[in-house]
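Below: final.cif (mmCIF, C-alpha atoms)
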```cif
data_query
loop_
_atom_site.label_atom_id
_atom_site.label_comp_id
_atom_site.auth_asym_id
_atom_site.auth_seq_id
_atom_site.Cartn_x
_atom_site.Cartn_y
_atom_site.Cartn_z
CA MET A 1 6.34 -57.97 6.62
CA ARG A 2 6.39 -54.29 5.88
CA ASN A 3 9.31 -53.78 8.23
CA ALA A 4 11.46 -55.84 5.97
CA THR A 5 11.00 -53.41 3.12
CA LYS A 6 14.13 -51.35 2.75
CA ARG A 7 13.85 -47.73 1.76
CA ILE A 8 16.67 -45.46 0.92
CA GLY A 9 17.08 -42.84 3.59
CA THR A 10 14.80 -44.38 6.19
CA ALA A 11 17.66 -44.72 8.63
CA THR A 12 18.83 -41.13 8.48
CA GLY A 13 15.77 -39.53 10.06
CA GLU A 14 16.00 -36.65 7.60
CA PRO A 15 12.70 -35.23 6.44
CA ALA A 16 12.11 -35.90 2.78
CA PRO A 17 12.47 -32.57 1.00
CA GLY A 18 10.29 -31.62 -1.90
CA LEU A 19 7.47 -33.98 -0.98
CA ASP A 20 4.05 -32.54 -0.24
CA ASP A 21 2.02 -33.47 2.81
CA ALA A 22 -0.26 -35.82 0.91
CA GLU A 23 2.72 -37.84 -0.26
CA LEU A 24 4.27 -37.89 3.21
CA VAL A 25 0.95 -39.04 4.70
CA ARG A 26 0.77 -41.83 2.14
CA ARG A 27 4.26 -42.95 3.11
CA VAL A 28 3.55 -42.74 6.84
CA ARG A 29 0.60 -45.08 6.29
CA ASN A 30 3.08 -47.55 4.89
CA GLY A 31 5.20 -47.26 8.00
CA ASP A 32 7.83 -44.84 6.68
CA ARG A 33 9.58 -43.31 9.69
CA THR A 34 11.38 -40.68 7.61
CA ALA A 35 8.09 -39.45 6.25
CA PHE A 36 6.69 -39.16 9.75
CA ALA A 37 9.77 -37.24 10.89
CA GLY A 38 9.25 -35.00 7.86
CA LEU A 39 5.69 -34.18 8.87
CA VAL A 40 6.75 -33.53 12.45
CA ARG A 41 9.53 -31.18 11.36
CA ARG A 42 7.31 -29.38 8.89
CA HIS A 43 4.38 -28.76 11.22
CA GLY A 44 5.67 -29.45 14.72
CA ARG A 45 6.70 -25.92 15.63
CA ALA A 46 3.53 -24.27 14.34
CA LEU A 47 1.57 -26.90 16.21
CA LEU A 48 3.44 -26.12 19.41
CA ARG A 49 2.75 -22.42 18.94
CA PHE A 50 -0.94 -23.11 18.44
CA THR A 51 -0.98 -25.33 21.55
CA ARG A 52 0.28 -22.44 23.62
CA VAL A 53 -2.84 -20.55 22.67
CA PHE A 54 -4.72 -23.00 24.88
CA VAL A 55 -2.09 -24.12 27.35
CA ARG A 56 0.50 -21.79 28.81
CA ASP A 57 2.51 -24.37 30.70
CA GLU A 58 5.45 -25.58 28.61
CA ALA A 59 5.42 -29.19 29.81
CA VAL A 60 1.67 -29.52 29.42
CA ALA A 61 1.88 -27.99 25.94
CA GLU A 62 4.41 -30.62 24.89
CA GLU A 63 2.16 -33.35 26.26
CA VAL A 64 -0.75 -32.04 24.22
CA VAL A 65 1.43 -31.93 21.12
CA GLN A 66 2.45 -35.52 21.75
CA ASP A 67 -1.14 -36.63 22.26
CA THR A 68 -2.03 -34.89 19.03
CA TRP A 69 0.56 -36.68 16.93
CA ILE A 70 -0.52 -40.00 18.38
CA ALA A 71 -4.12 -39.18 17.54
CA VAL A 72 -2.90 -38.30 14.04
CA LEU A 73 -1.28 -41.70 13.64
CA GLU A 74 -4.33 -43.48 14.98
CA GLY A 75 -6.68 -41.54 12.75
CA LEU A 76 -4.50 -41.62 9.66
CA ASP A 77 -6.47 -44.28 7.85
CA GLY A 78 -9.60 -42.18 8.24
CA PHE A 79 -7.95 -39.05 6.84
CA GLU A 80 -9.43 -38.62 3.39
CA GLY A 81 -7.55 -35.54 2.33
CA ARG A 82 -10.66 -33.42 1.86
CA ALA A 83 -9.15 -30.80 4.16
CA SER A 84 -5.44 -30.09 4.03
CA PHE A 85 -3.26 -32.10 6.38
CA LYS A 86 -2.42 -28.96 8.34
CA THR A 87 -6.11 -28.13 8.84
CA TRP A 88 -6.80 -31.67 9.98
CA LEU A 89 -3.81 -31.57 12.32
CA PHE A 90 -4.88 -28.26 13.85
CA ARG A 91 -8.43 -29.55 14.36
CA ILE A 92 -7.19 -32.58 16.24
CA LEU A 93 -4.98 -30.33 18.34
CA ALA A 94 -7.82 -27.91 19.10
CA ASN A 95 -10.00 -30.78 20.31
CA ARG A 96 -7.24 -32.26 22.43
CA ALA A 97 -6.29 -28.92 23.92
CA ARG A 98 -9.90 -28.10 24.75
CA THR A 99 -10.38 -31.45 26.47
CA ARG A 100 -7.20 -30.89 28.38
CA ALA A 101 -8.15 -27.39 29.44
CA ALA A 102 -11.57 -28.65 30.53
CA ARG A 103 -9.95 -31.31 32.67
CA GLU A 104 -7.93 -28.61 34.37
CA GLY A 105 -11.03 -26.58 35.00
CA ARG A 106 -10.32 -23.89 32.44
CA SER A 107 -12.97 -24.59 29.91
CA VAL A 108 -14.19 -21.10 29.14
CA PRO A 109 -14.85 -21.11 25.39
CA PHE A 110 -13.19 -18.44 23.27
CA SER A 111 -16.60 -17.19 22.19
CA ALA A 112 -17.41 -16.34 25.81
CA LEU A 113 -14.02 -14.70 26.28
CA ALA A 114 -14.54 -12.72 23.11
CA ASN A 115 -17.52 -10.98 24.59
CA ARG A 116 -15.92 -10.52 27.95
CA GLU A 117 -12.57 -9.12 26.88
CA ASP A 118 -12.50 -5.35 26.97
CA ASP A 119 -14.42 -3.80 24.14
CA GLU A 120 -13.14 -0.28 24.42
CA SER A 121 -11.02 0.80 21.51
CA ALA A 122 -7.41 -0.12 22.18
CA LEU A 123 -6.40 3.17 20.64
CA GLY A 124 -7.23 5.76 23.29
CA SER A 125 -9.96 8.18 22.32
CA ASP A 126 -7.72 11.02 23.54
CA ARG A 127 -5.79 10.49 20.31
CA PHE A 128 -8.69 12.14 18.46
CA ASP A 129 -10.49 15.46 18.71
CA GLY A 130 -14.23 15.87 19.04
CA ALA A 131 -14.66 15.56 15.29
CA GLY A 132 -12.77 12.26 15.16
CA MET A 133 -9.66 13.75 13.56
CA TRP A 134 -6.14 13.02 14.84
CA ARG A 135 -5.13 15.11 17.82
CA ASP A 136 -2.09 12.94 18.52
CA PRO A 137 -1.24 11.42 15.13
CA PRO A 138 0.99 8.38 14.68
CA ILE A 139 4.69 9.16 14.45
CA GLY A 140 6.76 7.73 11.64
CA TRP A 141 8.74 4.64 12.54
CA THR A 142 12.44 4.41 11.82
CA ASP A 143 11.74 1.38 9.73
CA GLU A 144 8.28 0.28 8.77
CA THR A 145 9.11 -2.73 6.63
CA PRO A 146 7.84 -6.03 8.05
CA GLU A 147 11.21 -7.65 7.41
CA ARG A 148 13.05 -5.19 9.62
CA LEU A 149 10.39 -5.32 12.34
CA ALA A 150 10.65 -9.11 12.43
CA LEU A 151 14.44 -9.32 12.17
CA GLU A 152 15.46 -6.54 14.54
CA ALA A 153 15.87 -8.19 17.95
CA GLU A 154 14.30 -5.28 19.83
CA THR A 155 11.16 -4.89 17.75
CA ARG A 156 10.77 -8.65 17.58
CA ALA A 157 10.87 -8.84 21.36
CA VAL A 158 8.33 -6.02 21.59
CA MET A 159 5.93 -7.84 19.27
CA GLU A 160 6.36 -11.18 21.02
CA ALA A 161 5.76 -9.61 24.42
CA ALA A 162 2.73 -7.71 23.11
CA VAL A 163 1.17 -10.90 21.72
CA GLN A 164 1.87 -12.72 24.99
CA ALA A 165 0.20 -9.94 26.94
CA LEU A 166 -3.02 -10.06 24.91
CA PRO A 167 -6.21 -11.45 26.44
CA PRO A 168 -6.52 -15.16 25.47
CA ALA A 169 -9.08 -14.92 22.69
CA GLN A 170 -7.27 -12.04 20.99
CA ARG A 171 -3.99 -13.89 21.29
CA ALA A 172 -5.50 -17.04 19.83
CA VAL A 173 -6.86 -15.22 16.80
CA ILE A 174 -3.76 -13.17 16.00
CA VAL A 175 -1.48 -16.20 16.37
CA LEU A 176 -3.58 -18.20 13.93
CA ARG A 177 -4.27 -15.41 11.47
CA ASP A 178 -1.07 -13.40 11.37
CA GLU A 179 1.60 -15.73 12.70
CA ASP A 180 0.33 -18.95 11.11
CA GLY A 181 -1.54 -17.45 8.18
CA LEU A 182 -4.74 -19.49 8.51
CA GLU A 183 -7.89 -18.29 6.76
CA ALA A 184 -10.46 -16.47 8.88
CA GLU A 185 -13.08 -19.14 8.23
CA GLU A 186 -10.78 -21.88 9.46
CA ILE A 187 -10.02 -19.90 12.60
CA CYS A 188 -13.75 -19.60 13.34
CA ASN A 189 -14.03 -23.38 13.07
CA LEU A 190 -11.00 -24.11 15.20
CA LEU A 191 -11.85 -21.71 17.98
CA ASP A 192 -15.61 -21.99 17.66
CA LEU A 193 -16.04 -18.27 17.04
CA THR A 194 -18.58 -16.37 15.00
CA VAL A 195 -17.29 -14.46 11.98
CA THR A 196 -17.97 -11.19 13.76
CA ASN A 197 -16.12 -12.23 16.89
CA GLN A 198 -13.14 -13.33 14.89
CA ARG A 199 -13.00 -10.00 13.09
CA VAL A 200 -13.31 -7.94 16.24
CA LEU A 201 -10.72 -9.97 18.10
CA LEU A 202 -8.23 -9.75 15.26
CA HIS A 203 -8.75 -6.02 15.04
CA ARG A 204 -8.20 -5.43 18.73
CA ALA A 205 -5.16 -7.65 18.76
CA ARG A 206 -3.52 -5.95 15.77
CA THR A 207 -4.30 -2.53 17.20
CA ARG A 208 -2.59 -3.43 20.44
CA VAL A 209 0.49 -4.95 18.89
CA ARG A 210 0.90 -1.87 16.68
CA GLN A 211 0.44 0.25 19.80
CA ALA A 212 3.23 -1.64 21.54
CA LEU A 213 5.54 -0.98 18.60
CA GLU A 214 4.57 2.68 18.58
CA ALA A 215 5.30 2.99 22.30
CA HIS A 216 8.66 1.37 21.66
CA MET A 217 9.45 3.75 18.79
CA ARG A 218 8.55 6.68 21.02
CA GLY A 219 10.96 5.41 23.60
CA GLU A 220 8.30 4.69 26.17
CA ARG A 221 8.67 1.82 28.55
CA MET B 1 -16.71 11.26 4.81
CA LEU B 2 -15.07 8.90 7.29
CA THR B 3 -13.22 10.37 10.25
CA CYS B 4 -9.66 9.42 11.20
CA LYS B 5 -11.02 7.58 14.22
CA GLU B 6 -13.29 5.54 11.95
CA ILE B 7 -10.35 4.69 9.71
CA THR B 8 -8.48 3.23 12.69
CA GLU B 9 -11.58 1.19 13.50
CA LEU B 10 -12.01 -0.10 9.95
CA VAL B 11 -8.37 -0.75 9.14
CA THR B 12 -8.52 -4.50 9.84
CA ASP B 13 -11.78 -5.03 7.98
CA HIS B 14 -10.28 -3.17 5.05
CA ALA B 15 -7.10 -5.26 5.08
CA GLU B 16 -9.12 -8.47 5.44
CA GLY B 17 -11.43 -7.59 2.57
CA ASN B 18 -14.54 -7.34 4.73
CA LEU B 19 -15.72 -3.88 3.70
CA SER B 20 -18.61 -3.29 1.35
CA PHE B 21 -17.87 -1.70 -1.99
CA MET B 22 -19.06 1.72 -0.82
CA ASP B 23 -17.12 1.57 2.44
CA ARG B 24 -14.03 0.59 0.53
CA ILE B 25 -14.40 3.66 -1.66
CA ARG B 26 -14.93 5.88 1.36
CA PHE B 27 -11.94 4.32 3.10
CA ARG B 28 -9.71 4.94 0.08
CA MET B 29 -10.93 8.48 -0.34
CA HIS B 30 -9.94 9.32 3.21
CA ILE B 31 -6.58 7.57 2.93
CA GLY B 32 -5.90 9.44 -0.29
CA MET B 33 -6.20 12.74 1.51
CA CYS B 34 -4.90 12.01 5.01
CA ARG B 35 -1.19 11.44 5.52
CA ASN B 36 -1.60 10.44 9.17
CA CYS B 37 -4.12 7.75 8.38
CA ARG B 38 -2.00 6.53 5.50
CA ARG B 39 0.84 6.11 7.93
CA TYR B 40 -1.40 4.39 10.48
CA VAL B 41 -2.76 1.91 7.96
CA ARG B 42 0.75 1.18 6.70
CA GLN B 43 1.95 0.50 10.24
CA VAL B 44 -0.90 -1.89 11.02
CA LYS B 45 -0.22 -3.81 7.82
CA ALA B 46 3.51 -3.93 8.51
CA THR B 47 2.81 -5.19 12.02
CA ALA B 48 0.57 -7.99 10.75
CA SER B 49 3.09 -9.04 8.09
CA ALA B 50 5.96 -8.90 10.56
CA LEU B 51 4.09 -11.26 12.88
CA GLY B 52 4.00 -13.75 10.03
CA MET B 53 7.78 -13.69 9.89
CA LEU B 54 8.34 -14.49 13.56
CA PRO B 55 9.87 -17.92 14.01
CA PRO B 56 7.65 -20.43 15.85
CA PRO B 57 9.01 -21.88 19.10
CA GLU B 58 11.54 -24.71 18.90
CA MET B 59 10.43 -28.20 19.71
CA SER B 60 12.63 -29.82 22.33
CA PRO B 61 14.78 -32.64 20.94
CA ASP B 62 13.29 -34.87 23.65
CA LEU B 63 9.83 -34.33 22.25
CA GLU B 64 10.95 -35.16 18.74
CA GLN B 65 12.66 -38.35 19.94
CA GLU B 66 9.60 -39.32 21.93
CA LEU B 67 7.38 -38.83 18.89
CA LEU B 68 9.59 -41.08 16.78
CA ARG B 69 9.53 -43.68 19.53
CA ARG B 70 5.74 -43.50 19.61
CA PHE B 71 5.71 -43.86 15.85
CA GLU B 72 7.64 -47.11 16.14
CA SER B 73 5.19 -48.57 18.65
CA TRP B 74 2.27 -47.42 16.49
CA LYS B 75 3.86 -49.22 13.57
CA GLN B 76 4.18 -52.38 15.65
CA THR B 77 0.52 -52.33 16.63
CA ARG B 78 -0.49 -52.06 13.01
CA GLY B 79 0.80 -55.57 12.73
CA SER B 80 3.54 -55.63 10.23
#
```

Structure re-expressed in structure tokens:
Amino acid sequence: MRNATKRIGTATGEPAPGLDDAELVRRVRNGDRTAFAGLVRRHGRALLRFTRVFVRDEAVAEEVVQDTWIAVLEGLDGFEGRASFKTWLFRILANRARTRAAREGRSVPFSALANREDDESALGSDRFDGAGMWRDPPIGWTDETPERLALEAETRAVMEAAVQALPPAQRAVIVLRDEDGLEAEEICNLLDLTVTNQRVLLHRARTRVRQALEAHMRGER
Amino acid sequence: MLTCKEITELVTDHAEGNLSFMDRIRFRMHIGMCRNCRRYVRQVKATASALGMLPPPEMSPDLEQELLRRFESWKQTRGS
């Protein structure tokens, strides 16, 4: 009986620090609850953020996350470690979320949205003169370091609101690329996008979020 | 020579390493001479990096508890 095996720390529910995913996965296979809690703590929040790319409703998002972890447990023996655990996890989530969205009648693929979402430059063409030079150049920001932008409550709120306001495909791409730091190729796989679509969507999204910060710095509402 | 407008259109491809060698040179030449574009490019990069520092949403404690409960039942079904 595996249950009879005693492990130090299994009762505390604390994630095991210093262990990589592969080791945690190995332990979960052996029924180690602490290791599972460790994986959940390490990836749970990013997973929830990714879920919200597909599902806006909080309660539904949590359900999808739950379904995903159960699918992870059930598929664990088949996980060969060729992709990273995080990649595998996100793929399962993407499949679940897509199925869920389809069931709710919102099954428009991101690739279709990509072509539909506005294609005009997010930066108004009135910012440039006829020769394509700045007519209305960018103003300097009080603080342009990423750390300050992310830590300052006001600018953080501006960025979060700007990302939320993006069309779905743009939001999906910027969340995965900039917030979660996934590679472009992986994002194409997860969202079923072409390389070109992914690039265009990321560009539009970044342009808009920068725009929102600029508007904030200029004191616009 | 690239225009300022073109720089703002290429800024992401430049940051993501998607420009050809020649376009990269042309991009850098413009940036070297244009203070406004330098500022623009810096702001886009700062925005992207700042997004990477935003904390992901919290998981509700209920969800975490539920997941651990599901883990226990999964463990049972594996037949100890």

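Every chain A residue lying within 6 Å of chain B, based on only C-alpha atoms, is listed here: A:Met1, A:Arg2, A:Arg45, A:Ala46, A:Gly132, A:Met133, A:Pro146, A:Leu149, A:Ala150, A:Asp178, A:Glu179, A:His203, A:Arg210.
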
- For A:Asp20, the nearest of the candidates A:Ser84, A:Thr207, A:Thr51, A:Thr155, counting only C-alpha atoms: A:Ser84

- Task: Might you spell out which residues the PyMOL selection byres ((chain B and resi 27) around 9) would select in the displayed file, as number ranges by chain?
- Result: B: 1-2, 7, 10-11, 14, 22-26, 28-32

- Item | Gap from atom CA of A:Arg49 to atom CA of B:Val41 - Å, one decimal |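 Taking atom CA of A:Arg49 and atom CA of B:Val41, their separation equals 27.3 Å.
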
- For the file shown, what are the residues hit by the PyMOL selection byres ((chain A and resi 217) around 10), laid out as a ChimeraX atom specification? /A:139-143,155,211-216,218-221

Store the residues picked out above, limited to C-alpha atoms, as a JSON list (two decimals), in the coordinates of the input.
```json
[["chain", "number", "residue", "atom", "x", "y", "z"],
["A", 139, "ILE", "CA", 4.69, 9.16, 14.45],
["A", 140, "GLY", "CA", 6.76, 7.73, 11.64],
["A", 141, "TRP", "CA", 8.74, 4.64, 12.54],
["A", 142, "THR", "CA", 12.44, 4.41, 11.82],
["A", 143, "ASP", "CA", 11.74, 1.38, 9.73],
["A", 155, "THR", "CA", 11.16, -4.89, 17.75],
["A", 211, "GLN", "CA", 0.44, 0.25, 19.80],
["A", 212, "ALA", "CA", 3.23, -1.64, 21.54],
["A", 213, "LEU", "CA", 5.54, -0.98, 18.60],
["A", 214, "GLU", "CA", 4.57, 2.68, 18.58],
["A", 215, "ALA", "CA", 5.30, 2.99, 22.30],
["A", 216, "HIS", "CA", 8.66, 1.37, 21.66],
["A", 218, "ARG", "CA", 8.55, 6.68, 21.02],
["A", 219, "GLY", "CA", 10.96, 5.41, 23.60],
["A", 220, "GLU", "CA", 8.30, 4.69, 26.17],
["A", 221, "ARG", "CA", 8.67, 1.82, 28.55]]
```

- Kindly give the distance, in Å, that separates atom CA of A:Leu47 and atom CA of A:Ala22, rounded to a single decimal.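 We find that atom CA of A:Leu47 and atom CA of A:Ala22 lie 17.8 Å from each other.
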
- How far is it from atom CA of A:Pro168 to atom CA of A:Leu202, in Å with one decimal? 11.7 Å

- Just the residues within 8 Å of stretch 90-96 of chain A, please, counting all atoms listed in the file, with nothing from its chain fewer than 5 positions along; format it as JSON, numbers by chain. {"A": [47, 50, 51, 64, 65, 67, 68, 71, 72, 190, 191]}

- Message: Taking (-6.2, -18.0, 13.0) in the coordinates of the supplied file, I want to know which residues reach to within 12 Å of it, counting only C-alpha atoms; could you give the answer as a PyMOL selection string?
- Response: (chain A and resi 46+49-50+53+87+90-91+94+169-193+195+198-199+201-202+205) or (chain B and resi 52)

- Go through A:Ala102, A:Ala97, A:Ala83, A:Leu89 one by one, measure the shortest atom-to-atom distance of each to A:Ala61 using all atoms listed in the file, and give the residue with the smallest value.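 Nearest to A:Ala61: A:Ala97.
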
Nearby residues (only C-alpha atoms) at most 8 Å from stretch 73-76 of chain A, same-chain spacing under 3 positions excluded, as a compact mmCIF listing (two decimals) with C-alpha atoms, keeping the file's coordinate frame:
```txt
# COMPACT_ATOMS: atom_id res chain seq x y z
CA VAL A 25 0.95 -39.04 4.70
CA ARG A 29 0.60 -45.08 6.29
CA TRP A 69 0.56 -36.68 16.93
CA ILE A 70 -0.52 -40.00 18.38
CA PHE A 79 -7.95 -39.05 6.84
CA PHE B 71 5.71 -43.86 15.85
CA TRP B 74 2.27 -47.42 16.49
```

- Nearest-residue call for A:Arg98, choices A:Val55, A:Met159, A:Leu48, A:Val60, using only C-alpha atoms: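 Closest to A:Arg98, using only C-alpha atoms: A:Val55.
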